[in-house]
$ cat final-v9.txt   # compact mmCIF, C-alpha atoms and all ligand atoms
# COMPACT_ATOMS: atom_id res chain seq x y z
CA MET A 1 9.76 3.90 -18.85
CA ASP A 2 11.98 6.38 -17.05
CA LYS A 3 9.40 9.00 -16.05
CA VAL A 4 5.97 9.00 -14.49
CA ARG A 5 3.80 11.55 -16.29
CA LEU A 6 1.26 12.64 -13.73
CA GLY A 7 -2.26 13.96 -13.94
CA VAL A 8 -3.63 15.61 -10.80
CA ILE A 9 -7.32 15.76 -9.94
CA GLY A 10 -8.32 17.99 -7.02
CA CYS A 11 -5.97 20.93 -6.50
CA GLY A 12 -6.61 21.87 -2.89
CA HIS A 13 -4.64 21.58 0.34
CA MET A 14 -3.40 17.98 0.03
CA CYS A 15 -2.50 18.32 -3.60
CA GLY A 16 -0.07 21.03 -2.48
CA ALA A 17 1.29 18.83 0.30
CA HIS A 18 2.08 16.04 -2.18
CA LEU A 19 3.46 18.24 -4.95
CA ALA A 20 5.73 19.97 -2.42
CA SER A 21 7.94 16.85 -2.61
CA LEU A 22 8.73 17.77 -6.21
CA ALA A 23 10.16 21.23 -5.89
CA GLY A 24 12.64 22.64 -3.48
CA LYS A 25 11.60 20.59 -0.47
CA GLN A 26 13.27 17.29 -1.31
CA GLU A 27 15.20 17.30 1.97
CA THR A 28 12.01 16.14 3.69
CA VAL A 29 11.88 13.07 1.42
CA SER A 30 13.60 9.94 2.76
CA GLU A 31 17.04 9.49 1.24
CA GLN A 32 16.28 6.26 -0.60
CA LEU A 33 13.25 7.85 -2.30
CA ARG A 34 14.92 11.10 -3.40
CA PRO A 35 16.09 9.76 -6.79
CA PHE A 36 12.45 9.21 -7.76
CA VAL A 37 11.48 12.84 -7.23
CA ALA A 38 13.13 13.85 -10.51
CA GLN A 39 11.26 11.07 -12.32
CA ILE A 40 7.84 12.60 -11.74
CA GLU A 41 6.56 15.11 -14.25
CA VAL A 42 3.26 16.95 -13.80
CA ARG A 43 1.41 16.99 -17.14
CA GLY A 44 -2.19 18.03 -16.44
CA LEU A 45 -4.11 19.44 -13.48
CA ALA A 46 -7.90 19.31 -13.00
CA ASP A 47 -10.17 21.01 -10.51
CA ILE A 48 -13.77 22.16 -10.63
CA ASP A 49 -12.22 25.49 -9.60
CA LEU A 50 -9.78 26.26 -12.43
CA SER A 51 -7.99 28.99 -10.51
CA LYS A 52 -6.74 26.40 -8.01
CA ALA A 53 -5.36 24.20 -10.78
CA GLU A 54 -3.71 27.20 -12.40
CA ALA A 55 -2.02 28.21 -9.13
CA TYR A 56 -0.32 24.79 -8.84
CA ARG A 57 0.65 24.80 -12.52
CA GLU A 58 2.52 28.03 -11.95
CA THR A 59 4.61 26.37 -9.23
CA TYR A 60 4.95 22.79 -10.44
CA GLY A 61 4.53 23.05 -14.22
CA GLY A 62 2.20 21.07 -16.44
CA GLU A 63 0.96 21.36 -20.01
CA TYR A 64 -2.59 22.32 -19.17
CA VAL A 65 -5.33 22.84 -16.57
CA THR A 66 -8.90 21.71 -16.97
CA ASP A 67 -12.16 21.59 -15.07
CA ASP A 68 -12.98 18.24 -16.68
CA PRO A 69 -11.23 15.21 -15.09
CA GLU A 70 -12.16 13.21 -18.17
CA ARG A 71 -9.46 15.08 -20.09
CA ILE A 72 -6.89 13.67 -17.65
CA PHE A 73 -8.31 10.14 -17.88
CA GLN A 74 -8.22 10.19 -21.68
CA ASP A 75 -4.82 11.81 -22.07
CA PRO A 76 -2.54 9.16 -23.64
CA ASP A 77 0.51 11.03 -22.33
CA ILE A 78 -0.52 10.55 -18.71
CA ASP A 79 0.67 7.37 -16.96
CA ALA A 80 -0.69 7.93 -13.47
CA VAL A 81 -3.15 10.11 -11.57
CA LEU A 82 -3.04 11.65 -8.13
CA ILE A 83 -6.61 12.01 -6.84
CA THR A 84 -7.02 14.52 -4.01
CA THR A 85 -10.70 15.41 -4.31
CA TRP A 86 -13.52 15.12 -1.80
CA HIS A 87 -14.40 11.59 -0.73
CA ASP A 88 -17.49 10.96 -2.83
CA THR A 89 -15.40 11.05 -6.01
CA HIS A 90 -12.57 8.80 -4.80
CA ALA A 91 -14.17 5.53 -5.95
CA PRO A 92 -15.68 6.67 -9.26
CA TYR A 93 -12.48 8.50 -10.27
CA SER A 94 -10.31 5.54 -9.20
CA LEU A 95 -12.37 3.16 -11.29
CA ARG A 96 -12.44 5.45 -14.30
CA ALA A 97 -8.67 6.02 -14.09
CA MET A 98 -7.95 2.29 -14.02
CA GLU A 99 -10.42 1.73 -16.86
CA CYS A 100 -8.31 4.19 -18.87
CA GLY A 101 -5.07 2.37 -17.95
CA LYS A 102 -3.73 4.86 -15.40
CA HIS A 103 -1.94 3.96 -12.17
CA VAL A 104 -3.65 5.62 -9.20
CA LEU A 105 -2.48 7.37 -6.04
CA ILE A 106 -5.61 8.11 -4.01
CA GLU A 107 -5.92 10.22 -0.89
CA LYS A 108 -7.63 8.55 2.04
CA PRO A 109 -10.21 7.19 2.63
CA MET A 110 -10.09 5.08 -0.51
CA ALA A 111 -13.86 4.63 -0.62
CA MET A 112 -17.04 5.30 1.31
CA THR A 113 -18.97 2.02 0.90
CA GLU A 114 -18.19 -1.71 0.95
CA LYS A 115 -19.33 -2.07 -2.67
CA GLU A 116 -16.89 0.64 -3.74
CA CYS A 117 -14.13 -1.19 -1.85
CA ASP A 118 -14.93 -4.46 -3.63
CA ASP A 119 -15.03 -2.77 -7.04
CA ILE A 120 -11.66 -1.06 -6.57
CA VAL A 121 -9.95 -4.22 -5.29
CA ALA A 122 -11.36 -6.13 -8.28
CA ALA A 123 -10.20 -3.44 -10.73
CA GLU A 124 -6.72 -3.39 -9.21
CA GLU A 125 -6.48 -7.19 -9.61
CA ARG A 126 -7.96 -7.18 -13.10
CA THR A 127 -5.79 -4.41 -14.55
CA GLY A 128 -2.50 -5.11 -12.74
CA LEU A 129 -2.05 -1.34 -12.41
CA LYS A 130 -0.41 0.14 -9.33
CA TYR A 131 -3.03 1.42 -6.92
CA MET A 132 -1.74 3.15 -3.83
CA VAL A 133 -3.60 4.71 -0.90
CA ALA A 134 -1.93 7.73 0.72
CA PHE A 135 -1.97 6.35 4.25
CA ARG A 136 0.74 8.63 5.56
CA CYS A 137 1.32 6.91 8.92
CA ARG A 138 2.82 3.86 7.17
CA PHE A 139 5.50 6.11 5.76
CA ALA A 140 6.27 7.73 9.08
CA LYS A 141 9.51 6.65 10.73
CA GLY A 142 8.15 6.03 14.23
CA ALA A 143 5.42 3.68 12.98
CA GLN A 144 7.96 1.78 10.87
CA ASP A 145 10.27 1.37 13.89
CA VAL A 146 7.39 0.07 16.04
CA LYS A 147 6.47 -2.45 13.36
CA ARG A 148 10.06 -3.68 13.11
CA GLU A 149 10.56 -3.98 16.88
CA ILE A 150 7.19 -5.46 17.86
CA PRO A 151 5.90 -7.21 14.74
CA SER A 152 3.21 -9.32 16.36
CA PRO A 153 1.70 -7.61 19.41
CA ASP A 154 -0.88 -9.31 21.60
CA ASN A 155 -2.64 -6.02 22.49
CA ILE A 156 -3.22 -2.97 20.31
CA ILE A 157 -4.74 0.31 21.47
CA ALA A 158 -5.53 2.88 18.82
CA HIS A 159 -6.70 6.40 19.57
CA ALA A 160 -7.90 8.98 17.07
CA ARG A 161 -9.55 11.76 18.98
CA PHE A 162 -9.49 15.13 17.30
CA HIS A 163 -8.71 18.03 19.66
CA SER A 164 -11.64 20.21 18.65
CA ILE A 165 -15.16 19.76 17.33
CA TRP A 166 -15.19 19.71 13.55
CA PRO A 167 -17.18 22.59 12.10
CA GLU A 168 -20.53 21.39 10.73
CA THR A 169 -19.91 23.36 7.57
CA ILE A 170 -16.74 21.70 6.27
CA TRP A 171 -17.19 19.37 3.30
CA ALA A 172 -15.62 16.41 5.13
CA GLN A 173 -18.38 16.52 7.75
CA ASP A 174 -21.03 16.29 5.02
CA PRO A 175 -22.56 12.77 4.89
CA VAL A 176 -22.26 12.56 1.10
CA LYS A 177 -19.07 14.46 0.30
CA GLY A 178 -17.05 13.47 3.34
CA GLY A 179 -18.60 10.94 5.72
CA GLY A 180 -17.45 12.66 8.90
CA GLN A 181 -14.37 12.91 11.03
CA ILE A 182 -13.98 9.21 11.87
CA LEU A 183 -13.99 8.06 8.26
CA SER A 184 -11.93 11.04 7.21
CA GLN A 185 -9.28 11.25 9.93
CA GLY A 186 -9.84 8.15 12.03
CA CYS A 187 -8.91 6.14 8.95
CA HIS A 188 -5.24 7.19 9.40
CA VAL A 189 -5.17 5.61 12.83
CA VAL A 190 -7.24 2.57 11.81
CA ASP A 191 -4.78 1.93 8.99
CA MET A 192 -1.83 2.36 11.38
CA MET A 193 -3.54 0.00 13.85
CA LEU A 194 -4.09 -2.68 11.16
CA TYR A 195 -0.54 -2.17 9.86
CA LEU A 196 0.96 -2.59 13.34
CA ALA A 197 -1.38 -5.41 14.38
CA GLY A 198 0.04 -7.53 11.58
CA ALA A 199 -3.22 -9.51 11.52
CA GLU A 200 -6.66 -9.31 10.00
CA PRO A 201 -9.57 -8.27 12.22
CA GLU A 202 -11.94 -11.13 13.00
CA SER A 203 -14.72 -9.30 14.84
CA VAL A 204 -15.61 -5.92 16.30
CA TYR A 205 -18.09 -4.71 18.89
CA ALA A 206 -18.54 -0.95 19.11
CA THR A 207 -20.52 1.54 21.09
CA GLY A 208 -20.85 5.08 19.83
CA GLY A 209 -23.19 7.59 18.35
CA VAL A 210 -23.75 11.21 17.50
CA PHE A 211 -22.76 13.38 20.48
CA HIS A 212 -21.21 16.52 19.06
CA HIS A 213 -22.89 17.08 15.74
CA SER A 214 -26.33 17.58 14.33
CA HIS A 215 -26.53 15.14 11.43
CA PRO A 216 -28.05 11.87 12.69
CA ASP A 217 -26.22 9.75 10.07
CA VAL A 218 -22.70 10.92 10.81
CA ILE A 219 -21.47 9.04 13.87
CA ASP A 220 -18.89 11.14 15.70
CA THR A 221 -17.84 8.81 18.52
CA ILE A 222 -16.74 5.16 18.37
CA ASN A 223 -15.38 2.97 21.17
CA ALA A 224 -14.60 -0.41 19.65
CA ALA A 225 -13.30 -3.73 20.98
CA ILE A 226 -11.57 -5.88 18.38
CA ARG A 227 -10.49 -9.48 18.07
CA PHE A 228 -7.87 -10.29 15.46
CA LYS A 229 -7.55 -13.53 13.54
CA ASN A 230 -4.22 -14.39 15.23
CA GLY A 231 -5.87 -14.25 18.69
CA SER A 232 -4.65 -10.79 19.64
CA VAL A 233 -7.09 -8.14 20.86
CA GLY A 234 -7.39 -4.42 20.41
CA ALA A 235 -9.35 -1.26 21.01
CA PHE A 236 -10.07 1.65 18.73
CA LEU A 237 -11.31 4.92 20.19
CA GLY A 238 -12.20 7.59 17.68
CA GLY A 239 -14.06 10.83 17.32
CA ASP A 240 -13.93 14.51 18.04
CA GLY A 241 -15.44 16.38 20.92
CA GLY A 242 -13.10 19.16 21.94
CA THR A 243 -10.34 17.80 24.19
CA GLY A 244 -8.16 20.77 23.31
CA ASN A 245 -4.80 20.64 25.10
CA LEU A 246 -5.92 18.01 27.59
CA MET A 247 -3.31 15.49 26.46
CA MET A 248 -0.60 17.94 25.51
CA HIS A 249 2.73 16.57 26.88
CA HIS A 250 0.92 13.79 28.77
CA PRO A 251 2.70 12.08 27.08
CA LEU A 252 2.01 13.41 23.64
CA PRO A 253 3.91 16.30 22.14
CA ASN A 254 1.01 17.70 20.20
CA ARG A 255 -2.62 18.30 20.95
CA CYS A 256 -3.92 16.00 18.25
CA PRO A 257 -3.69 12.67 20.05
CA PHE A 258 -3.51 10.20 17.19
CA PHE A 259 -1.54 7.21 18.38
CA VAL A 260 -1.28 3.44 18.33
CA MET A 261 0.14 1.57 21.33
CA VAL A 262 1.25 -2.05 20.96
CA ILE A 263 2.07 -4.47 23.76
CA ASP A 264 3.76 -7.85 23.55
CA LYS A 265 4.43 -9.69 26.79
CA GLY A 266 6.14 -6.92 28.71
CA ARG A 267 7.48 -5.03 25.72
CA SER A 268 5.55 -2.06 24.54
CA ALA A 269 5.75 0.79 22.09
CA ILE A 270 3.68 3.75 21.07
CA ALA A 271 3.66 5.40 17.65
CA ILE A 272 2.58 8.99 18.13
CA ASP A 273 2.08 12.12 16.07
CA HIS A 274 0.64 10.24 13.06
CA GLY A 275 3.46 7.72 13.55
CA GLU A 276 6.15 10.35 13.15
CA ASP A 277 7.68 9.56 16.52
CA ALA A 278 7.76 6.48 18.76
CA ARG A 279 8.59 5.46 22.29
CA PHE A 280 9.57 2.05 23.63
CA GLU A 281 9.55 0.31 27.00
CA SER A 282 10.38 -3.08 28.38
CA CYS A 283 9.52 -4.32 31.84
CA VAL A 284 10.84 -7.83 31.28
CA PRO A 285 13.58 -8.52 33.89
CA GLU A 286 17.00 -9.21 32.37
CA GLU A 287 15.54 -8.58 29.00
CA GLU A 288 17.82 -9.17 26.03
CA TRP A 289 15.77 -6.86 23.83
CA LYS A 290 16.91 -3.29 24.10
CA PRO A 291 14.40 -0.71 22.98
CA PRO A 292 16.03 1.20 20.10
CA TYR A 293 15.47 4.59 21.74
CA ASP A 294 13.18 6.36 24.15
CA SER A 295 11.90 9.10 21.90
CA CYS A 296 13.57 9.49 18.54
CA GLU A 297 12.08 12.93 17.86
CA TYR A 298 12.13 12.41 14.14
CA GLY A 299 9.91 15.44 13.75
CA GLU A 300 12.59 17.60 15.38
CA ARG A 301 15.42 16.02 13.44
CA LEU A 302 13.68 16.41 10.13
CA GLY A 303 13.24 20.10 10.74
CA LYS A 304 9.81 19.75 12.32
CA ARG A 305 8.40 18.73 9.00
CA GLY A 306 5.35 17.68 11.00
CA ALA A 307 4.24 15.86 7.91
CA GLY A 308 4.10 12.33 9.28
CA GLY A 309 5.26 10.61 6.12
CA VAL A 310 3.49 12.78 3.53
CA PRO A 311 6.67 13.85 1.62
CA ASP A 312 7.53 10.20 0.89
CA ILE A 313 4.18 9.25 -0.60
CA LEU A 314 4.46 10.60 -4.16
CA PRO A 315 8.08 9.43 -4.65
CA ALA A 316 7.13 5.99 -3.25
CA PHE A 317 4.26 5.82 -5.73
CA ALA A 318 6.67 6.64 -8.58
CA ARG A 319 9.08 3.98 -7.39
CA SER A 320 6.36 1.33 -7.30
CA ILE A 321 5.52 2.13 -10.96
CA LEU A 322 9.07 2.44 -12.26
CA LYS A 323 10.40 -0.61 -10.42
CA ASP A 324 7.22 -2.62 -10.72
CA GLU A 325 6.96 -3.06 -6.94
CA GLN A 326 3.83 -3.49 -4.85
CA PRO A 327 2.89 -0.18 -3.19
CA ILE A 328 3.15 -0.03 0.59
CA ALA A 329 -0.64 0.52 0.88
CA THR A 330 -2.72 -1.19 -1.80
CA ALA A 331 -6.44 -1.27 -2.56
CA VAL A 332 -6.70 -4.22 -0.17
CA ASN A 333 -5.39 -2.02 2.65
CA GLY A 334 -7.69 0.82 1.67
CA ALA A 335 -10.66 -1.53 1.62
CA ARG A 336 -9.77 -3.09 4.95
CA THR A 337 -9.69 0.30 6.65
CA THR A 338 -12.98 1.62 5.20
CA ARG A 339 -14.64 -1.74 5.93
CA PHE A 340 -13.42 -1.69 9.52
CA ILE A 341 -14.86 1.77 10.15
CA LEU A 342 -18.17 0.99 8.47
CA ARG A 343 -18.49 -2.15 10.59
CA CYS A 344 -17.81 -0.15 13.74
CA PHE A 345 -20.69 2.14 12.69
CA GLU A 346 -22.89 -0.90 12.03
CA SER A 347 -22.08 -2.40 15.43
CA ALA A 348 -22.77 0.91 17.19
CA ARG A 349 -26.13 1.19 15.40
CA THR A 350 -27.27 -2.41 15.94
CA GLY A 351 -25.59 -3.36 19.21
CA GLU A 352 -24.30 -6.52 17.48
CA VAL A 353 -20.83 -8.04 17.29
CA ILE A 354 -19.88 -7.82 13.62
CA THR A 355 -17.60 -10.42 12.06
CA PHE A 356 -15.31 -9.86 9.06
N1 LIG A 401 -3.14 12.81 4.60
C1 LIG A 401 -3.58 13.83 5.29
O1 LIG A 401 -3.08 14.12 6.34
C2 LIG A 401 -4.75 14.61 4.79
C3 LIG A 401 -5.04 15.86 5.32
C4 LIG A 401 -6.11 16.58 4.79
C5 LIG A 401 -6.87 16.03 3.77
N2 LIG A 401 -6.56 14.78 3.30
C6 LIG A 401 -7.36 14.17 2.23
O2 LIG A 401 -7.04 14.80 0.99
C7 LIG A 401 -8.21 14.87 0.16
C8 LIG A 401 -8.48 16.31 -0.20
O3 LIG A 401 -8.60 17.07 0.97
P1 LIG A 401 -8.14 18.60 0.99
O4 LIG A 401 -7.96 18.95 2.41
O5 LIG A 401 -7.04 18.79 0.03
O6 LIG A 401 -9.47 19.27 0.45
P2 LIG A 401 -9.58 20.64 -0.36
O7 LIG A 401 -11.01 21.07 -0.31
O8 LIG A 401 -8.53 21.60 0.08
O9 LIG A 401 -9.21 20.20 -1.85
C9 LIG A 401 -10.03 19.37 -2.63
C10 LIG A 401 -10.05 19.94 -4.04
O10 LIG A 401 -10.81 19.05 -4.85
C11 LIG A 401 -11.61 19.85 -5.74
N3 LIG A 401 -12.72 19.02 -6.15
C12 LIG A 401 -13.79 18.63 -5.42
N4 LIG A 401 -14.59 17.83 -6.14
C13 LIG A 401 -14.01 17.73 -7.38
C14 LIG A 401 -14.37 17.05 -8.56
N5 LIG A 401 -15.48 16.30 -8.64
N6 LIG A 401 -13.53 17.12 -9.62
C15 LIG A 401 -12.40 17.88 -9.56
N7 LIG A 401 -12.03 18.56 -8.46
C16 LIG A 401 -12.82 18.48 -7.37
C17 LIG A 401 -12.02 21.06 -4.90
O11 LIG A 401 -12.37 22.16 -5.70
C18 LIG A 401 -10.73 21.32 -4.11
O12 LIG A 401 -9.87 22.22 -4.78
C19 LIG A 401 -9.32 14.20 0.97
O13 LIG A 401 -9.37 12.85 0.62
C20 LIG A 401 -8.86 14.35 2.40
O14 LIG A 401 -9.39 13.37 3.29
C21 LIG A 401 -5.51 14.09 3.77

$ encode --input "final-v9.txt" --output "structure tokens"
Amino acid sequence: MDKVRLGVIGCGHMCGAHLASLAGKQETVSEQLRPFVAQIEVRGLADIDLSKAEAYRETYGGEYVTDDPERIFQDPDIDAVLITTWHDTHAPYSLRAMECGKHVLIEKPMAMTEKECDDIVAAEERTGLKYMVAFRCRFAKGAQDVKREIPSPDNIIAHARFHSIWPETIWAQDPVKGGGQILSQGCHVVDMMLYLAGAEPESVYATGGVFHHSHPDVIDTINAAIRFKNGSVGAFLGGDGGTGNLMMHHPLPNRCPFFVMVIDKGRSAIAIDHGEDARFESCVPEEEWKPPYDSCEYGERLGKRGAGGVPDILPAFARSILKDEQPIATAVNGARTTRFILRCFESARTGEVITF
């Protein structure tokens, strides 16, 4: 197999962000992944709105467009699917794709319930297909540097506060289609936190509730205290609420303060900007460890791609298929992140410490 023939389901904003790696924008793809760009071929595109699928076909090619995802699943000339639909279809489409023998690249969050998580993990194990979750922060250079330099922190502080209040009307705020801002966006930071913690969560206690929105089932604020199985501890603060430019330049370069800070006995680091950049400190006297840099400004150096790892995701998926390698974020990682957020919600609702 020297090509990955791709079917795309959901031709909206993120579909465009992923397909952009394929045409004309390869300079934003990491050097070691660039050879895989040419090995991806778009074959079919599906969307309930055909005009959106047609627009991407004009730019990226493809044999056909359809408003029926089943055509993609049953196409014997498709090896893998990219699923970038709304969240309520992520699990059913993932399961159907694997049932039809297709490798899957799924946008986050992988699933909306614990049962869906279990089913996808089981299907991934059963089929042996590659299943990758598009957790962009793992691909971002700053997050990767933090993981290399401080692989086993004793304290982890994760912050995912959106700078404005999400409009009530967007699909992602809908309890069925989206699940709200914490599940939808907080999952990036939760995944980065679990990636950088290097340990499984053992228990979580969270306070939170609905402060900025009207739907009583969509929790918009979580303040969680976490214990990890290796004895380390952490905090996750997530939600929206309208902080605007409050944290701009103090110390974050953008107004969307998504970061994970890790601390290990006097050494510390912070992955900011969806992990795109990082900063390091050491206050250990006569320390042998030298922080690799203060601020690497990857975003600047990569031409302000501001994409926090997104351009690498599709080529990395192709590589995992063609080289038979485990994807950087598997169904297990997707399940762990959804489960963590759902258990924060459960703790906030019940006032109980929830164990994993
Ligand atoms: N990684 C990131 O930074 C990032 C940013 C934004 C969105 N996302 C994720 O990407 C996914 C898509 O978000 P988006 O912003 O592109 O949304 P979008 O609304 O722009 O696009 C979704 C597309 O899916 C189509 N669709 C919906 N239900 C469908 C169905 N049942 N069958 C076929 N097509 C269907 C819609 O018509 C739409 O064109 C979500 O999982 C979202 O959380 C990720």

$ atom_distance --input "final-v9.txt" --atom1 "CA of Arg227 in chain A" --atom2 "CA of Ser203 in chain A"
5.3 Å

$ closest_residue --input "final-v9.txt" --among "A:Ile263, A:Leu237, A:Ala206, A:Cys117" --to "Arg349 in chain A" --atoms "all atoms listed in the file"
A:Ala206

$ atom_distance --input "final-v9.txt" --atom1 "CA of Asp145 in chain A" --atom2 "CA of Gly266 in chain A"
17.5 Å

$ residues_around --input "final-v9.txt" --residues "Lys177 in chain A" --least-positions-apart "3" --cutoff "7 Å" --atoms "all atoms listed in the file" --output "ChimeraX atom specification"
/A:86-88,171-172,174

$ residues_near_ligand --input "final-v9.txt" --ligand "ligand LIG 401 (chain A)" --cutoff "9 Å" --atoms "only C-alpha atoms and all ligand atoms" --output "PyMOL selection string"
chain A and resi 9-17+46-50+52-53+67-69+83-90+93+106-110+134-137+170-172+177-178+183-185+188+274+307-310

$ write_last_selection --input "final-v9.txt" --atoms "C-alpha atoms" --output "mmCIF file, in the frame of the given file"
data_model
loop_
_atom_site.group_PDB
_atom_site.id
_atom_site.type_symbol
_atom_site.label_atom_id
_atom_site.label_comp_id
_atom_site.auth_asym_id
_atom_site.auth_seq_id
_atom_site.Cartn_x
_atom_site.Cartn_y
_atom_site.Cartn_z
ATOM 1 C CA ILE A 9 -7.320 15.760 -9.940
ATOM 2 C CA GLY A 10 -8.320 17.990 -7.020
ATOM 3 C CA CYS A 11 -5.970 20.930 -6.500
ATOM 4 C CA GLY A 12 -6.610 21.870 -2.890
ATOM 5 C CA HIS A 13 -4.640 21.580 0.340
ATOM 6 C CA MET A 14 -3.400 17.980 0.030
ATOM 7 C CA CYS A 15 -2.500 18.320 -3.600
ATOM 8 C CA GLY A 16 -0.070 21.030 -2.480
ATOM 9 C CA ALA A 17 1.290 18.830 0.300
ATOM 10 C CA ALA A 46 -7.900 19.310 -13.000
ATOM 11 C CA ASP A 47 -10.170 21.010 -10.510
ATOM 12 C CA ILE A 48 -13.770 22.160 -10.630
ATOM 13 C CA ASP A 49 -12.220 25.490 -9.600
ATOM 14 C CA LEU A 50 -9.780 26.260 -12.430
ATOM 15 C CA LYS A 52 -6.740 26.400 -8.010
ATOM 16 C CA ALA A 53 -5.360 24.200 -10.780
ATOM 17 C CA ASP A 67 -12.160 21.590 -15.070
ATOM 18 C CA ASP A 68 -12.980 18.240 -16.680
ATOM 19 C CA PRO A 69 -11.230 15.210 -15.090
ATOM 20 C CA ILE A 83 -6.610 12.010 -6.840
ATOM 21 C CA THR A 84 -7.020 14.520 -4.010
ATOM 22 C CA THR A 85 -10.700 15.410 -4.310
ATOM 23 C CA TRP A 86 -13.520 15.120 -1.800
ATOM 24 C CA HIS A 87 -14.400 11.590 -0.730
ATOM 25 C CA ASP A 88 -17.490 10.960 -2.830
ATOM 26 C CA THR A 89 -15.400 11.050 -6.010
ATOM 27 C CA HIS A 90 -12.570 8.800 -4.800
ATOM 28 C CA TYR A 93 -12.480 8.500 -10.270
ATOM 29 C CA ILE A 106 -5.610 8.110 -4.010
ATOM 30 C CA GLU A 107 -5.920 10.220 -0.890
ATOM 31 C CA LYS A 108 -7.630 8.550 2.040
ATOM 32 C CA PRO A 109 -10.210 7.190 2.630
ATOM 33 C CA MET A 110 -10.090 5.080 -0.510
ATOM 34 C CA ALA A 134 -1.930 7.730 0.720
ATOM 35 C CA PHE A 135 -1.970 6.350 4.250
ATOM 36 C CA ARG A 136 0.740 8.630 5.560
ATOM 37 C CA CYS A 137 1.320 6.910 8.920
ATOM 38 C CA ILE A 170 -16.740 21.700 6.270
ATOM 39 C CA TRP A 171 -17.190 19.370 3.300
ATOM 40 C CA ALA A 172 -15.620 16.410 5.130
ATOM 41 C CA LYS A 177 -19.070 14.460 0.300
ATOM 42 C CA GLY A 178 -17.050 13.470 3.340
ATOM 43 C CA LEU A 183 -13.990 8.060 8.260
ATOM 44 C CA SER A 184 -11.930 11.040 7.210
ATOM 45 C CA GLN A 185 -9.280 11.250 9.930
ATOM 46 C CA HIS A 188 -5.240 7.190 9.400
ATOM 47 C CA HIS A 274 0.640 10.240 13.060
ATOM 48 C CA ALA A 307 4.240 15.860 7.910
ATOM 49 C CA GLY A 308 4.100 12.330 9.280
ATOM 50 C CA GLY A 309 5.260 10.610 6.120
ATOM 51 C CA VAL A 310 3.490 12.780 3.530
#

$ closest_residue --input "final-v9.txt" --among "A:Glu202, A:Asp154, A:Asp220, A:Glu31" --to "Gly186 in chain A" --atoms "only C-alpha atoms"
A:Asp220

$ atom_distance --input "final-v9.txt" --atom1 "CA of Val233 in chain A" --atom2 "CA of Glu149 in chain A"
18.6 Å

$ closest_residue --input "final-v9.txt" --among "A:Val4, A:Ala318, A:Ala271, A:Ala348" --to "Val210 in chain A" --atoms "only C-alpha atoms"
A:Ala348

$ closest_residue --input "final-v9.txt" --among "A:Arg5, A:Asp119, A:Ala97, A:Ala224" --to "Glu63 in chain A" --atoms "all atoms listed in the file"
A:Arg5

$ closest_residue --input "final-v9.txt" --among "A:Leu82, A:Met261, A:Leu129, A:Leu33" --to "Val189 in chain A" --atoms "all atoms listed in the file"
A:Met261

$ residues_near_point --input "final-v9.txt" --point "(-8.2, 2.7, 25.4)" --cutoff "8 Å" --atoms "all atoms listed in the file" --output "ChimeraX atom specification"
/A:157-159,235-237

$ closest_residue --input "final-v9.txt" --among "A:Val260, A:Leu322, A:Leu95, A:Ile222" --to "Arg126 in chain A" --atoms "only C-alpha atoms"
A:Leu95

$ residues_around --input "final-v9.txt" --residues "Val353 in chain A" --least-positions-apart "4" --cutoff "7 Å" --atoms "only C-alpha atoms" --output "MDAnalysis selection string"
chainID A and resid 203:205 347

$ residues_around --input "final-v9.txt" --residues "range 329-342 of chain A" --least-positions-apart "3" --cutoff "9 Å" --atoms "all atoms listed in the file" --output "MDAnalysis selection string"
chainID A and resid 108:114 116:118 120:122 124 130:135 138 182:183 186:188 190:191 194:195 200:201 204 326 345:347 356

$ decode --input "final-v9.txt" --residues "range 333-341 of chain A" --atoms "N, CA and C atoms" --output "PDB file, in the first residue's frame"
ATOM      1  N   ASN A 333      -6.692   7.167  24.329  1.00  0.00           N
ATOM      2  CA  ASN A 333      -6.501   8.574  24.724  1.00  0.00           C
ATOM      3  C   ASN A 333      -7.794   9.362  24.585  1.00  0.00           C
ATOM      4  N   GLY A 334      -8.525   9.104  23.509  1.00  0.00           N
ATOM      5  CA  GLY A 334      -9.798   9.801  23.311  1.00  0.00           C
ATOM      6  C   GLY A 334     -10.776   9.461  24.416  1.00  0.00           C
ATOM      7  N   ALA A 335     -10.801   8.195  24.798  1.00  0.00           N
ATOM      8  CA  ALA A 335     -11.714   7.750  25.851  1.00  0.00           C
ATOM      9  C   ALA A 335     -11.330   8.352  27.195  1.00  0.00           C
ATOM     10  N   ARG A 336     -10.043   8.394  27.460  1.00  0.00           N
ATOM     11  CA  ARG A 336      -9.562   8.909  28.748  1.00  0.00           C
ATOM     12  C   ARG A 336      -9.969  10.374  28.928  1.00  0.00           C
ATOM     13  N   THR A 337      -9.902  11.125  27.844  1.00  0.00           N
ATOM     14  CA  THR A 337     -10.219  12.554  27.925  1.00  0.00           C
ATOM     15  C   THR A 337     -11.725  12.775  28.117  1.00  0.00           C
ATOM     16  N   THR A 338     -12.546  12.098  27.301  1.00  0.00           N
ATOM     17  CA  THR A 338     -14.002  12.248  27.471  1.00  0.00           C
ATOM     18  C   THR A 338     -14.410  11.789  28.866  1.00  0.00           C
ATOM     19  N   ARG A 339     -13.856  10.651  29.293  1.00  0.00           N
ATOM     20  CA  ARG A 339     -14.207  10.099  30.619  1.00  0.00           C
ATOM     21  C   ARG A 339     -13.841  11.092  31.725  1.00  0.00           C
ATOM     22  N   PHE A 340     -12.668  11.698  31.603  1.00  0.00           N
ATOM     23  CA  PHE A 340     -12.229  12.650  32.625  1.00  0.00           C
ATOM     24  C   PHE A 340     -13.225  13.805  32.738  1.00  0.00           C
ATOM     25  N   ILE A 341     -13.633  14.340  31.603  1.00  0.00           N
ATOM     26  CA  ILE A 341     -14.551  15.492  31.630  1.00  0.00           C
ATOM     27  C   ILE A 341     -15.916  15.075  32.175  1.00  0.00           C
TER      28      ILE A 341
END
